[in-house]
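Undergrad: Below is the file protein-v3.cif, with mmCIF, C-alpha atoms.
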data_upload
#
loop_
_atom_site.group_PDB
_atom_site.id
_atom_site.type_symbol
_atom_site.label_atom_id
_atom_site.label_comp_id
_atom_site.auth_asym_id
_atom_site.auth_seq_id
_atom_site.Cartn_x
_atom_site.Cartn_y
_atom_site.Cartn_z
ATOM 1 C CA MET A 12 154.953 67.069 106.822
ATOM 2 C CA GLU A 13 158.119 65.302 107.917
ATOM 3 C CA THR A 14 160.944 65.275 105.379
ATOM 4 C CA ARG A 15 162.517 61.885 104.833
ATOM 5 C CA GLN A 16 166.249 61.891 105.459
ATOM 6 C CA PRO A 17 168.522 60.304 102.802
ATOM 7 C CA SER A 18 170.159 57.047 103.875
ATOM 8 C CA HIS A 19 173.870 56.780 104.571
ATOM 9 C CA ARG A 20 174.187 54.198 101.808
ATOM 10 C CA LEU A 21 172.744 56.612 99.267
ATOM 11 C CA ILE A 22 175.060 59.382 100.415
ATOM 12 C CA TRP A 23 178.135 57.164 100.177
ATOM 13 C CA PHE A 24 176.986 55.833 96.807
ATOM 14 C CA LEU A 25 176.661 59.349 95.391
ATOM 15 C CA ARG A 26 180.053 60.292 96.804
ATOM 16 C CA GLY A 27 181.579 57.256 95.125
ATOM 17 C CA VAL A 28 179.894 58.085 91.804
ATOM 18 C CA LEU A 29 181.231 61.647 91.886
ATOM 19 C CA LEU A 30 184.748 60.475 92.757
ATOM 20 C CA VAL A 31 184.787 57.812 90.051
ATOM 21 C CA ALA A 32 183.406 60.266 87.490
ATOM 22 C CA PHE A 33 186.041 62.867 88.375
ATOM 23 C CA LEU A 34 188.978 60.443 88.343
ATOM 24 C CA GLY A 35 187.689 58.652 85.251
ATOM 25 C CA GLY A 36 187.288 61.913 83.358
ATOM 26 C CA TRP A 37 190.761 63.021 84.432
ATOM 27 C CA GLU A 38 192.325 59.715 83.327
ATOM 28 C CA MET A 39 190.528 59.669 79.977
ATOM 29 C CA GLY A 40 191.405 63.309 79.366
ATOM 30 C CA ALA A 41 195.082 62.572 79.992
ATOM 31 C CA ARG A 42 195.055 59.459 77.778
ATOM 32 C CA ALA A 43 193.212 61.248 74.973
ATOM 33 C CA GLY A 44 195.588 64.201 75.030
ATOM 34 C CA PHE A 45 193.085 66.804 76.219
ATOM 35 C CA LEU A 46 195.145 67.204 79.406
ATOM 36 C CA ASP A 47 198.920 67.364 79.100
ATOM 37 C CA PRO A 48 200.340 64.717 81.508
ATOM 38 C CA PHE A 49 203.428 66.888 82.028
ATOM 39 C CA PHE A 50 201.290 69.552 83.692
ATOM 40 C CA TYR A 51 198.317 67.578 85.027
ATOM 41 C CA SER A 52 199.654 64.007 85.394
ATOM 42 C CA SER A 53 196.927 61.339 85.628
ATOM 43 C CA PRO A 54 195.268 59.255 88.377
ATOM 44 C CA GLY A 55 197.023 56.112 87.086
ATOM 45 C CA ALA A 56 200.461 57.713 87.263
ATOM 46 C CA ILE A 57 199.724 59.160 90.705
ATOM 47 C CA LEU A 58 198.593 55.767 91.998
ATOM 48 C CA ALA A 59 201.732 54.142 90.600
ATOM 49 C CA ARG A 60 203.881 56.753 92.358
ATOM 50 C CA LEU A 61 202.087 56.127 95.659
ATOM 51 C CA PHE A 62 202.716 52.388 95.342
ATOM 52 C CA GLN A 63 206.376 53.102 94.574
ATOM 53 C CA TRP A 64 206.737 55.274 97.679
ATOM 54 C CA ALA A 65 204.971 52.657 99.801
ATOM 55 C CA ALA A 66 207.168 49.876 98.413
ATOM 56 C CA ASP A 67 210.455 51.589 99.249
ATOM 57 C CA GLY A 68 209.087 52.875 102.583
ATOM 58 C CA SER A 69 210.139 56.488 102.008
ATOM 59 C CA ILE A 70 206.623 57.908 102.273
ATOM 60 C CA PHE A 71 206.122 56.523 105.779
ATOM 61 C CA ARG A 72 209.198 58.357 107.060
ATOM 62 C CA HIS A 73 207.929 61.629 105.608
ATOM 63 C CA ILE A 74 204.436 61.069 107.028
ATOM 64 C CA GLY A 75 205.835 60.253 110.465
ATOM 65 C CA ILE A 76 207.926 63.430 110.579
ATOM 66 C CA THR A 77 205.065 65.670 109.448
ATOM 67 C CA LEU A 78 202.634 64.004 111.865
ATOM 68 C CA TRP A 79 205.006 64.489 114.791
ATOM 69 C CA GLU A 80 205.450 68.186 113.990
ATOM 70 C CA MET A 81 201.764 68.854 113.460
ATOM 71 C CA MET A 82 200.634 66.873 116.521
ATOM 72 C CA LEU A 83 202.996 68.807 118.769
ATOM 73 C CA GLY A 84 201.729 72.109 117.366
ATOM 74 C CA PHE A 85 198.127 70.889 117.502
ATOM 75 C CA ALA A 86 198.385 69.704 121.108
ATOM 76 C CA ILE A 87 200.151 72.819 122.396
ATOM 77 C CA GLY A 88 197.878 75.148 120.419
ATOM 78 C CA THR A 89 194.722 73.332 121.546
ATOM 79 C CA VAL A 90 195.619 73.363 125.241
ATOM 80 C CA SER A 91 196.768 77.000 125.091
ATOM 81 C CA GLY A 92 193.665 78.113 123.178
ATOM 82 C CA MET A 93 191.290 76.327 125.544
ATOM 83 C CA LEU A 94 192.961 77.713 128.669
ATOM 84 C CA LEU A 95 193.100 81.268 127.346
ATOM 85 C CA GLY A 96 189.535 81.081 126.047
ATOM 86 C CA TYR A 97 188.244 79.811 129.381
ATOM 87 C CA LEU A 98 190.168 82.353 131.464
ATOM 88 C CA PHE A 99 189.172 85.322 129.311
ATOM 89 C CA ALA A 100 185.525 84.215 129.186
ATOM 90 C CA ARG A 101 185.300 83.790 132.950
ATOM 91 C CA SER A 102 187.031 87.086 133.759
ATOM 92 C CA GLU A 103 185.382 90.282 132.550
ATOM 93 C CA LEU A 104 188.645 92.172 133.122
ATOM 94 C CA LEU A 105 190.857 89.770 131.163
ATOM 95 C CA GLY A 106 188.268 89.413 128.416
ATOM 96 C CA GLY A 107 187.829 93.154 128.047
ATOM 97 C CA VAL A 108 191.578 93.790 127.901
ATOM 98 C CA PHE A 109 192.829 90.894 125.768
ATOM 99 C CA GLU A 110 189.920 89.869 123.507
ATOM 100 C CA PRO A 111 190.457 92.810 121.085
ATOM 101 C CA LEU A 112 194.198 92.088 121.091
ATOM 102 C CA MET A 113 193.582 88.443 120.186
ATOM 103 C CA ALA A 114 191.290 89.575 117.363
ATOM 104 C CA LEU A 115 194.021 91.848 115.999
ATOM 105 C CA LEU A 116 196.654 89.106 116.233
ATOM 106 C CA ASN A 117 194.289 86.688 114.520
ATOM 107 C CA ALA A 118 194.042 89.093 111.580
ATOM 108 C CA ILE A 119 197.764 88.672 110.865
ATOM 109 C CA PRO A 120 198.242 86.061 108.102
ATOM 110 C CA ARG A 121 200.417 83.511 109.875
ATOM 111 C CA LEU A 122 201.648 81.981 106.637
ATOM 112 C CA VAL A 123 203.415 85.261 105.941
ATOM 113 C CA LEU A 124 205.219 84.825 109.256
ATOM 114 C CA ALA A 125 206.593 81.410 108.258
ATOM 115 C CA PRO A 126 209.929 82.847 106.987
ATOM 116 C CA LEU A 127 210.306 84.736 110.268
ATOM 117 C CA PHE A 128 209.661 81.581 112.285
ATOM 118 C CA ILE A 129 212.351 79.807 110.287
ATOM 119 C CA LEU A 130 214.703 82.757 110.877
ATOM 120 C CA TRP A 131 213.980 82.789 114.616
ATOM 121 C CA PHE A 132 213.818 79.055 115.317
ATOM 122 C CA GLY A 133 215.933 77.564 112.537
ATOM 123 C CA LEU A 134 215.227 74.836 109.996
ATOM 124 C CA GLY A 135 214.567 72.164 112.634
ATOM 125 C CA ILE A 136 211.337 70.882 114.077
ATOM 126 C CA THR A 137 210.746 73.923 116.323
ATOM 127 C CA SER A 138 209.841 76.305 113.489
ATOM 128 C CA LYS A 139 207.304 73.813 112.104
ATOM 129 C CA VAL A 140 205.715 73.260 115.518
ATOM 130 C CA VAL A 141 205.446 77.015 116.107
ATOM 131 C CA MET A 142 203.878 77.437 112.681
ATOM 132 C CA SER A 143 201.233 74.803 113.441
ATOM 133 C CA LEU A 144 200.647 76.241 116.898
ATOM 134 C CA ALA A 145 200.131 79.747 115.504
ATOM 135 C CA LEU A 146 197.413 78.490 113.172
ATOM 136 C CA VAL A 147 195.636 76.372 115.794
ATOM 137 C CA VAL A 148 195.627 78.484 118.938
ATOM 138 C CA PHE A 149 193.366 81.276 117.656
ATOM 139 C CA VAL A 150 190.759 78.901 116.204
ATOM 140 C CA VAL A 151 190.461 77.024 119.505
ATOM 141 C CA PHE A 152 190.639 80.211 121.580
ATOM 142 C CA PHE A 153 187.709 81.951 119.885
ATOM 143 C CA ALA A 154 185.614 78.774 119.870
ATOM 144 C CA THR A 155 186.190 78.214 123.590
ATOM 145 C CA TYR A 156 185.776 81.900 124.459
ATOM 146 C CA THR A 157 182.487 82.179 122.587
ATOM 147 C CA ALA A 158 181.187 78.839 123.893
ATOM 148 C CA ILE A 159 181.822 79.715 127.547
ATOM 149 C CA LYS A 160 180.319 83.188 127.121
ATOM 150 C CA GLU A 161 177.206 81.705 125.492
ATOM 151 C CA VAL A 162 176.386 79.288 128.334
ATOM 152 C CA ASP A 163 172.904 80.076 129.654
ATOM 153 C CA PRO A 164 173.251 82.265 132.791
ATOM 154 C CA ILE A 165 170.122 80.663 134.236
ATOM 155 C CA LEU A 166 171.794 77.251 134.020
ATOM 156 C CA ILE A 167 174.821 78.605 135.875
ATOM 157 C CA ALA A 168 172.628 80.255 138.519
ATOM 158 C CA ASN A 169 170.645 77.043 139.065
ATOM 159 C CA ALA A 170 173.862 75.058 139.492
ATOM 160 C CA ARG A 171 175.097 77.536 142.096
ATOM 161 C CA ILE A 172 171.764 77.365 143.944
ATOM 162 C CA LEU A 173 172.169 73.594 144.093
ATOM 163 C CA GLY A 174 175.558 74.072 145.758
ATOM 164 C CA ALA A 175 177.934 73.707 142.835
ATOM 165 C CA ARG A 176 181.429 74.867 143.633
ATOM 166 C CA PRO A 177 183.561 76.653 140.973
ATOM 167 C CA ARG A 178 185.239 73.355 140.072
ATOM 168 C CA ASP A 179 181.880 71.593 139.768
ATOM 169 C CA LEU A 180 180.566 74.485 137.673
ATOM 170 C CA THR A 181 183.528 74.156 135.306
ATOM 171 C CA TRP A 182 183.465 70.395 134.774
ATOM 172 C CA HIS A 183 179.719 69.725 134.938
ATOM 173 C CA VAL A 184 178.201 72.832 133.345
ATOM 174 C CA LEU A 185 180.633 75.012 131.390
ATOM 175 C CA VAL A 186 182.843 72.387 129.726
ATOM 176 C CA PRO A 187 179.978 70.065 128.625
ATOM 177 C CA SER A 188 178.066 73.060 127.256
ATOM 178 C CA ALA A 189 181.131 74.179 125.275
ATOM 179 C CA LEU A 190 182.171 70.757 123.956
ATOM 180 C CA THR A 191 180.297 71.057 120.662
ATOM 181 C CA TRP A 192 181.986 74.366 119.860
ATOM 182 C CA ILE A 193 185.373 73.076 120.967
ATOM 183 C CA PHE A 194 185.222 69.871 118.912
ATOM 184 C CA THR A 195 184.054 71.831 115.872
ATOM 185 C CA SER A 196 187.117 74.041 116.234
ATOM 186 C CA LEU A 197 189.346 70.983 116.648
ATOM 187 C CA ARG A 198 188.101 69.457 113.397
ATOM 188 C CA THR A 199 188.966 72.720 111.676
ATOM 189 C CA SER A 200 192.269 73.329 113.413
ATOM 190 C CA VAL A 201 193.663 69.833 112.754
ATOM 191 C CA GLY A 202 193.759 70.777 109.073
ATOM 192 C CA PHE A 203 195.418 74.075 109.959
ATOM 193 C CA ALA A 204 198.009 72.229 112.028
ATOM 194 C CA LEU A 205 198.846 70.062 109.023
ATOM 195 C CA ILE A 206 199.050 73.159 106.817
ATOM 196 C CA GLY A 207 201.426 74.821 109.275
ATOM 197 C CA ALA A 208 203.773 71.845 109.386
ATOM 198 C CA VAL A 209 203.709 71.369 105.608
ATOM 199 C CA VAL A 210 204.300 75.061 104.856
ATOM 200 C CA GLY A 211 207.248 75.103 107.258
ATOM 201 C CA GLU A 212 208.702 72.040 105.556
ATOM 202 C CA TYR A 213 208.000 73.515 102.139
ATOM 203 C CA LEU A 214 210.015 76.636 102.920
ATOM 204 C CA GLY A 215 212.939 74.917 104.580
ATOM 205 C CA ALA A 216 213.397 71.233 105.420
ATOM 206 C CA THR A 217 215.063 68.051 104.237
ATOM 207 C CA LYS A 218 212.224 65.683 105.136
ATOM 208 C CA GLY A 219 208.454 65.639 105.562
ATOM 209 C CA LEU A 220 205.490 65.921 103.206
ATOM 210 C CA GLY A 221 206.131 69.600 102.540
ATOM 211 C CA TYR A 222 209.689 68.826 101.504
ATOM 212 C CA LEU A 223 208.409 65.999 99.294
ATOM 213 C CA VAL A 224 206.099 68.376 97.393
ATOM 214 C CA SER A 225 208.753 71.094 97.232
ATOM 215 C CA PHE A 226 211.317 68.674 95.803
ATOM 216 C CA ALA A 227 208.820 67.408 93.210
ATOM 217 C CA GLU A 228 208.065 70.984 92.152
ATOM 218 C CA SER A 229 211.763 71.745 91.751
ATOM 219 C CA MET A 230 212.002 68.724 89.423
ATOM 220 C CA PHE A 231 208.878 69.812 87.460
ATOM 221 C CA ASP A 232 207.331 66.522 88.553
ATOM 222 C CA ALA A 233 203.549 67.061 88.509
ATOM 223 C CA THR A 234 202.947 63.419 89.434
ATOM 224 C CA GLY A 235 205.039 63.784 92.578
ATOM 225 C CA VAL A 236 203.221 66.987 93.547
ATOM 226 C CA PHE A 237 199.771 65.425 93.135
ATOM 227 C CA ALA A 238 200.871 62.255 94.932
ATOM 228 C CA GLY A 239 202.093 64.340 97.879
ATOM 229 C CA LEU A 240 198.790 66.208 97.964
ATOM 230 C CA VAL A 241 196.868 62.927 97.955
ATOM 231 C CA VAL A 242 198.879 61.735 100.961
ATOM 232 C CA MET A 243 198.101 64.994 102.787
ATOM 233 C CA VAL A 244 194.378 64.595 102.076
ATOM 234 C CA ILE A 245 194.438 61.024 103.384
ATOM 235 C CA VAL A 246 196.283 62.087 106.543
ATOM 236 C CA ALA A 247 193.909 65.004 107.163
ATOM 237 C CA GLY A 248 190.877 62.796 106.559
ATOM 238 C CA GLY A 249 192.152 60.168 108.975
ATOM 239 C CA LEU A 250 192.778 62.738 111.698
ATOM 240 C CA ASP A 251 189.342 64.291 111.162
ATOM 241 C CA TYR A 252 187.773 60.839 111.510
ATOM 242 C CA VAL A 253 189.632 60.217 114.781
ATOM 243 C CA ILE A 254 188.507 63.555 116.230
ATOM 244 C CA GLY A 255 184.954 62.825 115.104
ATOM 245 C CA ARG A 256 185.009 59.507 116.968
ATOM 246 C CA ILE A 257 186.370 61.197 120.085
ATOM 247 C CA GLU A 258 183.620 63.823 119.834
ATOM 248 C CA THR A 259 181.018 61.049 119.654
ATOM 249 C CA ARG A 260 182.544 59.361 122.688
ATOM 250 C CA PHE A 261 182.399 62.533 124.784
ATOM 251 C CA SER A 262 178.929 63.524 123.581
ATOM 252 C CA VAL A 263 177.021 60.404 124.582
ATOM 253 C CA TRP A 264 175.042 62.475 127.063
ATOM 254 C CA LYS A 265 173.527 64.602 124.285
ATOM 255 C CA PRO A 266 170.110 63.557 122.954
ATOM 256 C CA SER A 267 170.210 62.007 119.482
ATOM 257 C CA ARG A 268 168.657 63.967 116.657
#
Re-express the file's structure as structure tokens.

TA:
Amino acid sequence: METRQPSHRLIWFLRGVLLVAFLGGWEMGARAGFLDPFFYSSPGAILARLFQWAADGSIFRHIGITLWEMMLGFAIGTVSGMLLGYLFARSELLGGVFEPLMALLNAIPRLVLAPLFILWFGLGITSKVVMSLALVVFVVFFATYTAIKEVDPILIANARILGARPRDLTWHVLVPSALTWIFTSLRTSVGFALIGAVVGEYLGATKGLGYLVSFAESMFDATGVFAGLVVMVIVAGGLDYVIGRIETRFSVWKPSR
């Protein structure tokens, strides 16, 4: 018996109900005194702070700086991870030698290395880019490495029988087969790239979303902290949506479910 799939309207309606219930409960709890506004703020105060930042234009400067840092780290980490993953997957020697090393390096918590990156590269943009890169490159590498290794050998053999050259094999067999894995890793790593940039700014910067949250914390300003977090969520959601649209564009050849 075929199971009926829920409609998109129903899904979005339920999401809206949950969000309204959560924010409404938070606001009423703060107004009634169950939640101390000094510690927990309130949705109304957070919204007012966001409008204030938008009115004076300061938030857009911070968003632009953080986006620039994270996009540089995301782009460099993505390209590096894809190239390394492809090379190690296609070469038994390279894969055998370096795959365990990459696994060991991936086990190192990169956030702990943030102070070292600041020490090595200074308080400028470089340390934030390196931080984002360090979080992205391993996610993309293992996704690409696994995807290329999992391509059906029979499919590769058939392509070679039909006269496919190594370049044709790469662009028409291996890359399309790995796209789903790669885009899944990109949707995960874009959040990591944002985390890397924000953590770098949090530890040492004079601008950016991380600095904004750090400054609010130093002033014991819970509203400013929550407002900064809301901006980060909006930015991350927007980037995830863009990557999802790109994935759809490059996956038109796949049969619909």

Undergrad: Starting from the displayed file, determine the output of the PyMOL selection byres ((chain A and resi 226) around 12) and express the residue list as a list of chain:residue names.

TA: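 After applying the PyMOL selection byres ((chain A and resi 226) around 12), what remains is A:Glu212, A:Tyr213, A:Leu214, A:Gly215, A:Ala216, A:Thr217, A:Lys218, A:Gly219, A:Leu220, A:Gly221, A:Tyr222, A:Leu223, A:Val224, A:Ser225, A:Ala227, A:Glu228, A:Ser229, A:Met230, A:Phe231, A:Asp232, A:Ala233, A:Thr234, A:Gly235, A:Val236, A:Gly239.
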
Undergrad: Applied to this file, what does the PyMOL selection byres ((chain A and resi 44-58) around 8) return in terms of residues, put as a PyMOL selection string?

TA: chain A and resi 34+37-38+40-43+59-62+232-235+237-238

Undergrad: Create the file for the chosen residues now, containing C-alpha atoms and written as a PDB file, keeping the file's coordinate frame.

TA:
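And here is the file that came out, part22.pdb:
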ATOM      1  CA  LEU A  34     188.978  60.443  88.343  1.00  0.00           C
ATOM      2  CA  TRP A  37     190.761  63.021  84.432  1.00  0.00           C
ATOM      3  CA  GLU A  38     192.325  59.715  83.327  1.00  0.00           C
ATOM      4  CA  GLY A  40     191.405  63.309  79.366  1.00  0.00           C
ATOM      5  CA  ALA A  41     195.082  62.572  79.992  1.00  0.00           C
ATOM      6  CA  ARG A  42     195.055  59.459  77.778  1.00  0.00           C
ATOM      7  CA  ALA A  43     193.212  61.248  74.973  1.00  0.00           C
ATOM      8  CA  ALA A  59     201.732  54.142  90.600  1.00  0.00           C
ATOM      9  CA  ARG A  60     203.881  56.753  92.358  1.00  0.00           C
ATOM     10  CA  LEU A  61     202.087  56.127  95.659  1.00  0.00           C
ATOM     11  CA  PHE A  62     202.716  52.388  95.342  1.00  0.00           C
ATOM     12  CA  ASP A 232     207.331  66.522  88.553  1.00  0.00           C
ATOM     13  CA  ALA A 233     203.549  67.061  88.509  1.00  0.00           C
ATOM     14  CA  THR A 234     202.947  63.419  89.434  1.00  0.00           C
ATOM     15  CA  GLY A 235     205.039  63.784  92.578  1.00  0.00           C
ATOM     16  CA  PHE A 237     199.771  65.425  93.135  1.00  0.00           C
ATOM     17  CA  ALA A 238     200.871  62.255  94.932  1.00  0.00           C
TER      18      ALA A 238
END

Undergrad: Using all atoms listed in the file, find the one residue out of A:Gly84, A:Leu250, A:Phe149, A:Val108 that sits nearest to Pro120 in chain A.

TA: A:Phe149

Undergrad: Work out how far CA of Leu78 in chain A is from CA of Ile136 in chain A, in Å to one decimal.

TA: 11.3 Å

Undergrad: Mind giving me the straight-line distance from CA of Val148 in chain A to CA of Leu190 in chain A in Å, one decimal?

TA: 16.3 Å

Undergrad: Take the PyMOL selection byres ((chain A and resi 90-97) around 6), apply it to the structure above, and return the hits as a list of chain:residue names.

TA: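 This file gives the following for the PyMOL selection byres ((chain A and resi 90-97) around 6): A:Ile87, A:Gly88, A:Thr89, A:Leu98, A:Phe99, A:Ala100, A:Val148, A:Val151, A:Phe152, A:Thr155, A:Tyr156.
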
Undergrad: Tell me which protein, DNA and RNA residues are within 6 Å of Phe203 in chain A, counting only C-alpha atoms, leaving out same-chain ones fewer than 3 positions away, and put them as a list in words.

TA: Leu146, Ser200 and Ile206 of chain A

Undergrad: Keeping only C-alpha atoms, write those residues as a compact mmCIF listing (two decimals), in the coordinates of the input.

TA:
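This went into result-v1.txt:
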# COMPACT_ATOMS: atom_id res chain seq x y z
CA LEU A 146 197.41 78.49 113.17
CA SER A 200 192.27 73.33 113.41
CA ILE A 206 199.05 73.16 106.82

Undergrad: Restricting the calculation to only C-alpha atoms, which member of A:Ala154, A:Ile70, A:His183, A:Val141 is positioned closest to Val241 in chain A?

TA: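 Selected residue with least distance to Val241 in chain A: A:Ile70.
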
Undergrad: Identify which of the residues A:Leu127, A:Ala208, A:Val201, A:Ile159 lies closest to Gly106 in chain A, counting all atoms listed in the file when measuring atom-to-atom distances.

TA: A:Ile159

Undergrad: Of the candidates A:Leu122, A:Val242, A:Ile257, A:Ala66, which one gets nearest to Lys139 in chain A if we count all atoms listed in the file?

TA: A:Leu122

Undergrad: For Ala170 in chain A, please output as a list in words all residues within 12 Å (counting all atoms listed in the file; exclusion window: fewer than 5 positions along the same chain).

TA: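 The residues satisfying every condition are Asp163, Pro164, Ile165, Ala175, Arg176, Pro177, Arg178, Asp179, Leu180, Thr181, Trp182, His183, Val184 and Leu185 of chain A.
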
Undergrad: One decimal, Å: what's the distance from CA of Tyr252 in chain A over to CA of Arg198 in chain A, could you say?

TA: 8.8 Å

Undergrad: Enclose all atoms of range 210-220 of chain A listed in the file in an axis-aligned box, grow every side by 3 Å, and hand back centre and edge lengths in Å to one decimal, as AutoDock Vina command-line options.

TA:
--center_x 209.7 --center_y 71.1 --center_z 104.7 --size_x 16.8 --size_y 17.0 --size_z 11.1
